[in-house]
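Coordinates as given in target.txt (compact mmCIF, C-alpha atoms):
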```
# COMPACT_ATOMS: atom_id res chain seq x y z
CA MET A 2 169.98 128.66 107.14
CA SER A 3 168.25 132.01 107.73
CA ASN A 4 165.46 131.27 105.24
CA THR A 5 164.83 127.92 106.93
CA MET A 6 164.82 129.53 110.37
CA ILE A 7 162.38 132.24 109.30
CA SER A 8 160.13 129.71 107.57
CA ASN A 9 159.92 127.78 110.85
CA ILE A 10 159.09 130.98 112.73
CA ARG A 11 156.45 131.98 110.22
CA VAL A 12 154.21 128.93 110.40
CA PHE A 13 150.50 129.67 110.82
CA ASP A 14 147.58 127.30 111.27
CA SER A 15 144.31 127.30 109.33
CA GLU A 16 142.89 129.91 111.70
CA GLY A 17 145.80 132.24 111.14
CA ASN A 18 147.53 131.71 114.49
CA ASN A 19 151.28 131.40 114.65
CA ARG A 20 152.54 127.98 115.75
CA ILE A 21 155.03 129.44 118.23
CA THR A 22 153.19 132.40 119.75
CA GLY A 23 149.67 131.01 119.50
CA THR A 24 148.49 134.43 118.30
CA PRO A 25 147.83 135.91 114.83
CA TYR A 26 151.35 137.36 114.94
CA ASP A 27 154.78 135.76 114.81
CA LEU A 28 157.75 136.53 117.03
CA TYR A 29 158.42 139.68 115.00
CA GLY A 30 154.85 140.97 115.15
CA PHE A 31 153.81 140.05 111.59
CA ASN A 32 150.70 138.10 110.59
CA ARG A 33 150.65 135.38 107.96
CA ASP A 34 150.19 137.99 105.21
CA GLY A 35 153.32 139.80 106.34
CA ILE A 36 151.45 142.76 107.84
CA HIS A 37 152.88 144.17 111.06
CA GLN A 38 150.51 144.44 114.00
CA ASN A 39 151.50 148.01 114.90
CA THR A 40 152.13 149.68 111.56
CA GLY A 41 149.54 147.93 109.39
CA THR A 42 152.14 147.69 106.62
CA HIS A 43 154.72 145.16 105.43
CA PHE A 44 157.34 146.89 107.57
CA ASP A 45 157.73 147.30 111.32
CA GLU A 46 158.44 150.60 113.07
CA ARG A 47 162.12 150.40 112.14
CA GLY A 48 161.50 149.57 108.50
CA PHE A 49 162.14 145.80 108.54
CA ASN A 50 159.81 143.26 106.95
CA ALA A 51 158.83 139.77 108.06
CA GLU A 52 161.89 138.30 106.34
CA ARG A 53 164.08 140.71 108.31
CA TRP A 54 165.09 142.81 105.27
CA HIS A 55 165.08 146.58 105.57
CA ARG A 56 163.05 148.71 103.17
CA ASN A 57 166.39 149.97 101.77
CA GLY A 58 167.06 146.48 100.39
CA THR A 59 169.77 145.51 102.88
CA ARG A 60 169.93 143.77 106.23
CA PHE A 61 170.70 147.03 108.04
CA ASP A 62 169.00 150.35 108.66
CA GLU A 63 170.54 153.80 108.21
CA HIS A 64 172.43 153.37 111.50
CA GLY A 65 173.95 150.06 110.48
CA MET A 66 171.73 148.09 112.84
CA SER A 67 170.03 144.83 111.88
CA ALA A 68 166.44 143.93 112.69
CA MET A 69 167.78 142.24 115.82
CA MET A 70 169.53 145.45 116.98
CA VAL A 71 173.04 144.18 116.27
CA HIS A 72 175.48 146.43 114.40
CA GLN A 73 176.66 145.24 111.02
CA SER A 74 180.29 145.29 112.21
CA ASN A 75 179.45 142.49 114.66
CA TYR A 76 178.33 139.97 112.02
CA ASP A 77 180.79 137.45 110.60
CA SER A 78 181.11 136.29 107.00
CA GLU A 79 178.28 133.79 107.56
CA GLY A 80 175.94 136.49 108.79
CA ARG A 81 176.04 135.54 112.43
CA ASP A 82 176.56 137.77 115.45
CA PRO A 83 178.96 137.03 118.35
CA GLU A 84 176.35 134.73 119.95
CA GLY A 85 175.87 132.77 116.75
CA CYS A 86 172.47 134.24 115.85
CA ASP A 87 171.62 135.04 112.24
CA PHE A 88 169.65 137.98 110.87
CA SER A 89 166.43 136.34 112.02
CA GLY A 90 167.75 136.15 115.61
CA VAL A 91 168.07 132.36 115.57
CA ASN A 92 171.23 130.45 116.48
CA ARG A 93 172.49 127.19 115.00
CA GLN A 94 170.55 125.14 117.57
CA GLY A 95 167.29 126.76 116.52
CA PHE A 96 166.84 129.09 119.50
CA PHE A 97 165.35 132.51 118.83
CA ARG A 98 166.76 135.38 120.92
CA ASP A 99 164.42 138.29 121.63
CA ARG A 100 165.45 141.83 122.58
CA PHE A 101 165.51 140.86 126.27
CA TYR A 102 167.92 138.01 125.48
CA GLU A 103 165.34 135.39 126.32
CA TYR A 104 165.46 132.28 124.15
CA THR A 105 162.62 130.30 122.55
CA HIS A 106 163.14 127.26 120.38
CA ILE A 107 161.46 127.70 117.02
CA ILE A 108 160.31 124.07 116.84
CA THR A 109 158.92 123.58 120.33
CA GLY A 110 157.94 127.17 121.09
CA THR A 111 159.42 126.77 124.58
CA GLU A 112 162.79 127.40 126.20
CA TYR A 113 163.71 123.78 125.47
CA ASP A 114 164.64 122.10 122.20
CA PRO A 115 162.98 118.86 120.99
CA GLU A 116 165.41 116.87 123.15
CA GLY A 117 164.48 118.85 126.26
CA TYR A 118 167.55 121.05 126.59
CA ASP A 119 167.74 124.84 126.73
CA VAL A 120 170.12 127.12 124.88
CA CYS A 121 172.82 126.43 127.49
CA GLY A 122 172.37 122.68 127.26
CA PHE A 123 170.48 122.12 130.52
CA ASN A 124 167.14 120.37 130.94
CA ALA A 125 164.28 121.18 133.31
CA ASP A 126 166.04 119.21 136.06
CA ASN A 127 169.15 121.38 135.55
CA MET A 128 171.15 118.41 134.23
CA HIS A 129 173.42 119.12 131.29
CA ARG A 130 173.18 117.12 128.09
CA ASN A 131 176.63 115.70 128.95
CA GLY A 132 175.02 113.86 131.88
CA THR A 133 176.48 115.99 134.68
CA ARG A 134 175.49 119.12 136.59
CA PHE A 135 178.08 121.21 134.74
CA ASP A 136 178.67 122.33 131.16
CA GLU A 137 181.93 122.20 129.22
CA HIS A 138 183.12 125.30 131.10
CA GLY A 139 182.41 123.79 134.50
CA LYS A 140 179.38 126.04 135.10
CA SER A 141 176.09 124.81 136.55
CA ALA A 142 172.65 125.77 135.26
CA THR A 143 172.68 128.71 137.69
CA MET A 144 176.03 129.95 136.33
CA VAL A 145 178.14 128.92 139.32
CA HIS A 146 181.47 127.14 138.76
CA GLN A 147 181.76 123.60 140.07
CA SER A 148 184.75 124.59 142.23
CA GLU A 149 182.46 126.86 144.29
CA TYR A 150 180.09 124.12 145.43
CA ASP A 151 180.61 122.48 148.82
CA THR A 152 180.22 118.79 149.66
CA GLU A 153 176.47 119.27 150.12
CA GLY A 154 176.13 120.69 146.63
CA ARG A 155 175.59 124.28 147.72
CA ASP A 156 177.23 127.41 146.35
CA PRO A 157 178.70 130.27 148.44
CA ASP A 158 175.21 131.72 148.90
CA GLY A 159 173.88 128.44 150.22
CA CYS A 160 171.96 127.67 147.02
CA ASP A 161 171.62 124.21 145.54
CA PHE A 162 171.79 123.29 141.86
CA TYR A 163 168.30 124.74 141.38
CA GLY A 164 169.34 128.08 142.87
CA ILE A 165 167.26 127.50 146.02
CA ASP A 166 168.67 128.34 149.45
CA ARG A 167 168.17 126.45 152.72
CA HIS A 168 165.07 128.47 153.58
CA GLY A 169 163.34 127.56 150.35
CA PHE A 170 163.90 130.79 148.44
CA ARG A 171 165.12 130.81 144.88
CA LYS A 172 168.12 133.15 144.94
CA ARG A 173 169.55 132.47 141.52
CA SER A 174 167.88 132.26 138.13
CA ARG A 175 169.04 130.26 135.15
CA TRP A 176 170.70 133.34 133.70
CA ASN A 177 171.85 134.72 137.06
CA ARG A 178 169.59 137.74 136.53
CA GLU A 179 167.00 139.39 138.76
CA LEU A 180 164.27 136.86 139.40
CA GLY A 181 160.88 137.29 137.81
CA ASP A 182 157.69 137.68 139.82
CA GLU A 183 156.82 134.00 139.46
CA ASN A 184 160.03 132.96 141.28
CA LEU A 185 159.77 135.21 144.33
CA ASP A 186 157.55 133.00 146.47
CA ASN A 187 158.99 130.39 148.79
CA VAL A 188 159.02 126.99 147.10
CA ILE A 189 157.86 125.29 150.32
CA THR A 190 155.00 127.55 151.42
CA GLY A 191 154.04 129.11 148.11
CA THR A 192 154.00 132.53 149.80
CA LYS A 193 156.53 135.32 150.26
CA TYR A 194 157.40 133.87 153.69
CA ASP A 195 159.24 130.68 154.58
CA PRO A 196 157.86 128.09 157.05
CA GLU A 197 159.27 130.17 159.92
CA GLY A 198 157.54 133.32 158.74
CA TYR A 199 160.48 135.17 157.21
CA ASP A 200 160.77 136.57 153.70
CA ARG A 201 163.66 136.09 151.29
CA ARG A 202 165.58 138.93 152.99
CA GLY A 203 165.08 137.42 156.45
CA PHE A 204 162.36 139.79 157.75
CA ASN A 205 158.92 138.81 159.03
CA ALA A 206 155.63 140.65 158.53
CA GLU A 207 156.36 142.84 161.57
CA ARG A 208 159.70 143.85 160.01
CA TRP A 209 161.81 141.93 162.53
CA HIS A 210 164.82 140.04 161.22
CA ARG A 211 165.34 136.37 161.96
CA ASN A 212 168.35 137.39 164.08
CA GLY A 213 165.94 139.01 166.58
CA THR A 214 166.71 142.65 165.72
CA ARG A 215 165.38 145.26 163.32
CA TYR A 216 168.46 144.93 161.12
CA ASN A 217 170.11 142.27 159.00
CA GLU A 218 173.77 141.30 159.11
CA ARG A 219 174.66 144.42 157.10
CA GLY A 220 172.83 146.71 159.48
CA MET A 221 169.97 147.38 157.07
CA SER A 222 166.31 147.49 158.11
CA ALA A 223 163.44 145.89 156.20
CA MET A 224 162.96 149.26 154.51
CA GLY A 225 166.53 149.32 153.20
CA VAL A 226 167.75 152.01 155.60
CA HIS A 227 170.95 151.62 157.63
CA GLN A 228 170.59 151.49 161.40
CA SER A 229 172.83 154.55 161.81
CA GLU A 230 170.20 156.68 160.04
CA TYR A 231 167.37 156.02 162.49
CA ASP A 232 166.73 158.53 165.29
CA ALA A 233 165.82 157.80 168.91
CA GLU A 234 162.15 157.42 167.93
CA GLY A 235 162.96 154.84 165.30
CA ARG A 236 162.40 157.08 162.28
CA ASP A 237 164.63 157.46 159.24
CA PRO A 238 165.67 160.83 157.73
CA ASP A 239 162.37 160.93 155.80
CA GLY A 240 160.33 160.44 158.96
CA ARG A 241 159.40 156.81 158.23
CA ASP A 242 159.33 154.15 160.92
CA TYR A 243 160.41 150.51 160.62
CA ASP A 244 157.19 149.69 158.76
CA GLY A 245 157.85 152.46 156.26
CA ILE A 246 155.02 154.63 157.63
CA ASP A 247 155.64 158.36 157.83
CA TRP A 248 154.12 160.79 160.33
CA ARG A 249 151.22 161.50 157.94
CA GLY A 250 150.20 157.87 157.77
CA PHE A 251 151.61 157.04 154.34
CA ARG A 252 153.24 153.65 153.99
CA TRP A 253 156.15 153.47 151.55
CA ASP A 254 156.59 150.08 150.01
CA PHE A 255 157.69 148.40 146.80
CA ASP A 256 155.01 147.03 144.50
CA ARG A 257 156.34 144.48 142.04
CA GLU A 258 153.35 144.71 139.72
CA LYS A 259 154.32 146.28 136.43
CA ASP A 260 152.37 149.07 134.81
CA PRO A 261 150.75 148.63 131.35
CA MET A 262 154.01 149.64 129.66
CA GLY A 263 155.98 146.94 131.46
CA TYR A 264 157.87 149.23 133.83
CA MET A 265 158.49 148.46 137.46
CA PRO A 266 157.15 151.33 139.59
CA ALA A 267 159.27 153.08 142.19
CA ASN A 268 158.28 153.24 145.84
CA VAL A 269 154.52 152.81 145.94
CA VAL A 270 152.85 154.96 148.58
CA ARG A 271 149.55 154.00 150.19
CA HIS A 272 147.81 155.61 153.16
CA ILE A 273 147.20 153.21 156.04
CA VAL A 274 143.64 154.49 156.60
CA THR A 275 142.31 154.71 153.04
CA GLY A 276 144.47 152.00 151.46
CA THR A 277 144.98 154.29 148.46
CA GLU A 278 147.56 156.82 147.38
CA TYR A 279 145.41 159.53 148.96
CA ASP A 280 144.86 160.41 152.62
CA PRO A 281 141.36 160.79 154.15
CA GLU A 282 141.28 164.39 152.87
CA GLY A 283 142.04 163.26 149.32
CA TYR A 284 145.67 164.33 149.04
CA ASP A 285 148.70 162.22 148.16
CA VAL A 286 152.06 162.16 149.90
CA CYS A 287 153.15 165.28 147.99
CA GLY A 288 149.99 167.15 148.87
CA PHE A 289 148.19 166.87 145.52
CA ASN A 290 144.70 165.49 144.89
CA ALA A 291 143.47 163.38 141.97
CA ASP A 292 142.95 166.57 139.94
CA ASN A 293 146.60 167.47 140.60
CA MET A 294 145.56 170.46 142.70
CA HIS A 295 147.64 171.09 145.81
CA ARG A 296 146.06 171.28 149.23
CA ASN A 297 146.98 174.99 149.24
CA GLY A 298 144.44 175.55 146.45
CA THR A 299 146.90 176.06 143.58
CA ARG A 300 148.67 173.91 141.00
CA PHE A 301 151.96 174.25 142.88
CA ASP A 302 153.31 173.20 146.26
CA GLU A 303 155.24 175.31 148.76
CA HIS A 304 158.36 174.94 146.61
CA GLY A 305 156.60 176.16 143.49
CA LYS A 306 156.47 172.70 141.91
CA SER A 307 153.51 171.08 140.19
CA ALA A 308 152.35 167.50 140.73
CA MET A 309 154.44 166.61 137.68
CA GLY A 310 157.64 167.99 139.23
CA PHE A 311 158.08 171.22 137.24
CA PHE A 312 158.41 174.74 138.68
CA TRP A 313 155.67 177.28 138.02
CA PHE A 314 157.89 179.41 135.78
CA GLN A 315 158.52 176.47 133.45
CA TYR A 316 154.90 176.39 132.28
CA ASP A 317 153.75 178.47 129.29
CA ASP A 318 150.54 180.44 128.90
CA GLU A 319 148.72 177.25 127.85
CA GLY A 320 149.75 175.50 131.03
CA ARG A 321 152.29 173.21 129.35
CA ASP A 322 155.77 172.36 130.54
CA PRO A 323 158.95 172.50 128.40
CA ASN A 324 158.05 169.08 126.98
CA GLY A 325 154.59 170.21 125.92
CA ARG A 326 152.81 168.30 128.67
CA ASP A 327 149.99 169.70 130.78
CA PHE A 328 149.51 169.54 134.54
CA TYR A 329 148.50 165.88 134.20
CA GLY A 330 151.65 164.99 132.23
CA ILE A 331 149.67 164.54 129.00
CA ASP A 332 151.28 165.74 125.80
CA ARG A 333 149.48 167.22 122.81
CA ARG A 334 149.17 163.78 121.20
CA GLY A 335 147.41 162.30 124.22
CA PHE A 336 150.28 160.31 125.72
CA ARG A 337 150.73 160.48 129.48
CA TRP A 338 154.18 160.73 131.02
CA ILE A 339 155.34 160.25 134.60
CA GLY A 340 158.58 160.19 136.57
CA TRP A 341 159.66 158.89 139.95
CA ILE A 342 158.13 160.66 142.94
CA GLY A 343 160.14 163.74 143.81
CA SER A 344 162.50 163.43 140.86
CA GLY A 345 160.96 166.18 138.78
CA ILE A 346 161.83 164.20 135.68
CA LEU A 347 159.03 162.98 133.41
CA SER A 348 161.07 160.21 131.93
CA ARG A 349 158.66 157.53 130.81
CA CYS A 350 155.43 157.14 128.94
CA VAL A 351 152.67 155.13 130.61
CA GLY A 352 150.37 154.94 127.61
CA HIS A 353 147.87 156.86 125.55
CA VAL A 354 144.84 158.21 127.41
CA VAL A 355 142.53 156.47 124.93
CA THR A 356 144.27 153.18 124.10
CA GLY A 357 146.26 152.68 127.30
CA THR A 358 149.19 151.46 125.19
CA GLU A 359 152.30 152.95 123.62
CA TYR A 360 150.29 153.60 120.44
CA ASP A 361 147.61 156.18 119.77
CA PRO A 362 144.24 155.26 118.16
CA ASP A 363 145.82 155.69 114.69
CA GLY A 364 148.61 153.22 115.48
CA ASN A 365 151.33 155.84 115.87
CA HIS A 366 154.02 155.12 118.44
CA TYR A 367 154.68 157.64 121.20
CA GLN A 368 158.30 158.03 120.02
CA GLU A 369 157.34 158.92 116.47
```

Is it possible to express this structure as structure tokens?
Amino acid sequence: MSNTMISNIRVFDSEGNNRITGTPYDLYGFNRDGIHQNTGTHFDERGFNAERWHRNGTRFDEHGMSAMMVHQSNYDSEGRDPEGCDFSGVNRQGFFRDRFYEYTHIITGTEYDPEGYDVCGFNADNMHRNGTRFDEHGKSATMVHQSEYDTEGRDPDGCDFYGIDRHGFRKRSRWNRELGDENLDNVITGTKYDPEGYDRRGFNAERWHRNGTRYNERGMSAMGVHQSEYDAEGRDPDGRDYDGIDWRGFRWDFDREKDPMGYMPANVVRHIVTGTEYDPEGYDVCGFNADNMHRNGTRFDEHGKSAMGFFWFQYDDEGRDPNGRDFYGIDRRGFRWIGWIGSGILSRCVGHVVTGTEYDPDGNHYQE
């Protein structure tokens, strides 16, 4: 079964493009010659080849993990994990499961099998292959039990069988996870606002709720702050008003665009005059300019912290922090690291300064 599954995954056309991905590389990152796109060898970064065998000759690495990141103790006698996927990550219905638990059928290259049903047995119209709206467990395509739907076919959140509420917002995904960017817009208007001018949380562009106040039914403002935390001037403990603008003119908002490494940024701060992260004088909300110099003329703010969140005494004579990163968060290998504003923790890599990816010009991963 596994050999057949892998042979279906590793089908390339005359131009060398994979039938499923449409690129020179298959779902595992190998080209038709079995060379991995990142390592340039017959093995990926973890030592597995295109057939999902480890360089040690077994299906598992030194930690007992398979190529699909499942521990060997979780495979049954047929070589399948608890979800029925084999060592190639494909289940008995021919669906490939990636590391994000998204499924792609290896014949169609889509989320649906040749008959038009997904891994849960639902089609694009959210009808189950059994001809009803519910699977054998009584769950709909949006993972709500049939007993929870009212006579109008809506769940407790007011969503229909497509996961769309009465205002036209999709509140539930197929897997009951956080919705992707493409599902955030209103299905009626095609914008982030419904026909009445309110977003999915019930606030309009002026940050007023559809109930006529600044707060929703839980007492939260459009900025996610409880009404009890606002002072008499309508500012939260951080000095931000109902529009998220602080006394310096910086607007705090949430930008859903992901960075090159696929991370969702934290609160994105833009000045209302310049439209950038810097004020008219060229300083950001923490008082640092693009060269990471503070407005006081040094590398450190009034608390002794750098733009990267480390105290002055944590830097060595070369101007590097305990992690070997300079004042720009760049390590000795050229990878740039950042953390959330004010956290002081440089917890994630945002790419190499040359390639802009998680690999340096020689193809070495930032974790190596």

Pick from A:Gly80, A:Gly220, A:Tyr243, A:Asn324 nearest to Ala206 of chain A, counting all atoms listed in the file: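 Among A:Gly80, A:Gly220, A:Tyr243, A:Asn324, it is A:Tyr243 that comes nearest to Ala206 of chain A.
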
For atom CA of Gln38 of chain A and atom CA of Arg11 of chain A, the interatomic separation in Å (one decimal): 14.3 Å

Polymer residues at most 12 Å from Gly305 of chain A, only C-alpha atoms, same-chain spacing of 5 or more positions, as a ChimeraX atom specification: /A:295,297,299-300,310-316,345

Long-range neighbours of Thr105 of chain A as a PyMOL selection string, 9 Å cut-off, all atoms listed in the file, 6 positions minimum in chain: chain A and resi 21+95-99+111-114+119-120

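The list of residues with at least one atom within 12 Å of Asn187 of chain A, based on all atoms listed in the file and without residues fewer than 2 positions apart in the same chain, reads Ile165, Asp166, Arg167, His168, Gly169, Phe170, Arg171, Lys172, Asp182, Glu183, Asn184, Leu185, Ile189, Thr190, Gly191, Thr192, Lys193, Tyr194, Asp195, Pro196, Glu197, Gly198, Tyr199, Asp200, Arg201 and Arg202 of chain A.
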
Gap from atom CA of Thr214 of chain A to atom CA of Arg155 of chain A - Å, one decimal: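 That distance, rounded to one decimal, is 27.2 Å.
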
Coordinates-based distance that separates atom CA of Gly213 of chain A from atom CA of Trp253 of chain A (Å, one decimal):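 Spanning atom CA of Trp253 of chain A to atom CA of Gly213 of chain A is a straight-line distance of 23.0 Å.
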
Nearest to Gly30 of chain A by atom-to-atom distance, counting all atoms listed in the file, from A:Ile273, A:Cys160, A:Cys287, A:Ile10: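 Residue with the minimum atom-to-atom distance to Gly30 of chain A: A:Ile10.
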
Residue contacts of segment 246-251 of chain A (7 Å, all atoms listed in the file) excluding same-chain residues fewer than 5 positions away, as JSON, numbers by chain: {"A": [240, 241, 270, 271, 272, 273, 286]}

Long-range neighbours of Glu359 of chain A as a list in words, 8 Å cut-off, only C-alpha atoms, 5 positions minimum in chain: Met262, Phe336, Cys350, Val351, Gly352, His353, His366 and Tyr367 of chain A

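In this comparison, which uses only C-alpha atoms, the residue of A:Asp254, A:Asp322, A:Asp151, A:Thr109 approaching Gly23 of chain A most closely is A:Thr109.
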
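Checking A:Phe162, A:Arg93, A:Tyr360, A:Asp34 one by one against Glu149 of chain A, counting all atoms listed in the file, you find the shortest gap at A:Phe162.
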
Which of A:Asn92, A:Tyr150, A:Cys121, A:Asp158 sits closest to Glu137 of chain A [using all atoms listed in the file]: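 Nearest to Glu137 of chain A: A:Cys121.
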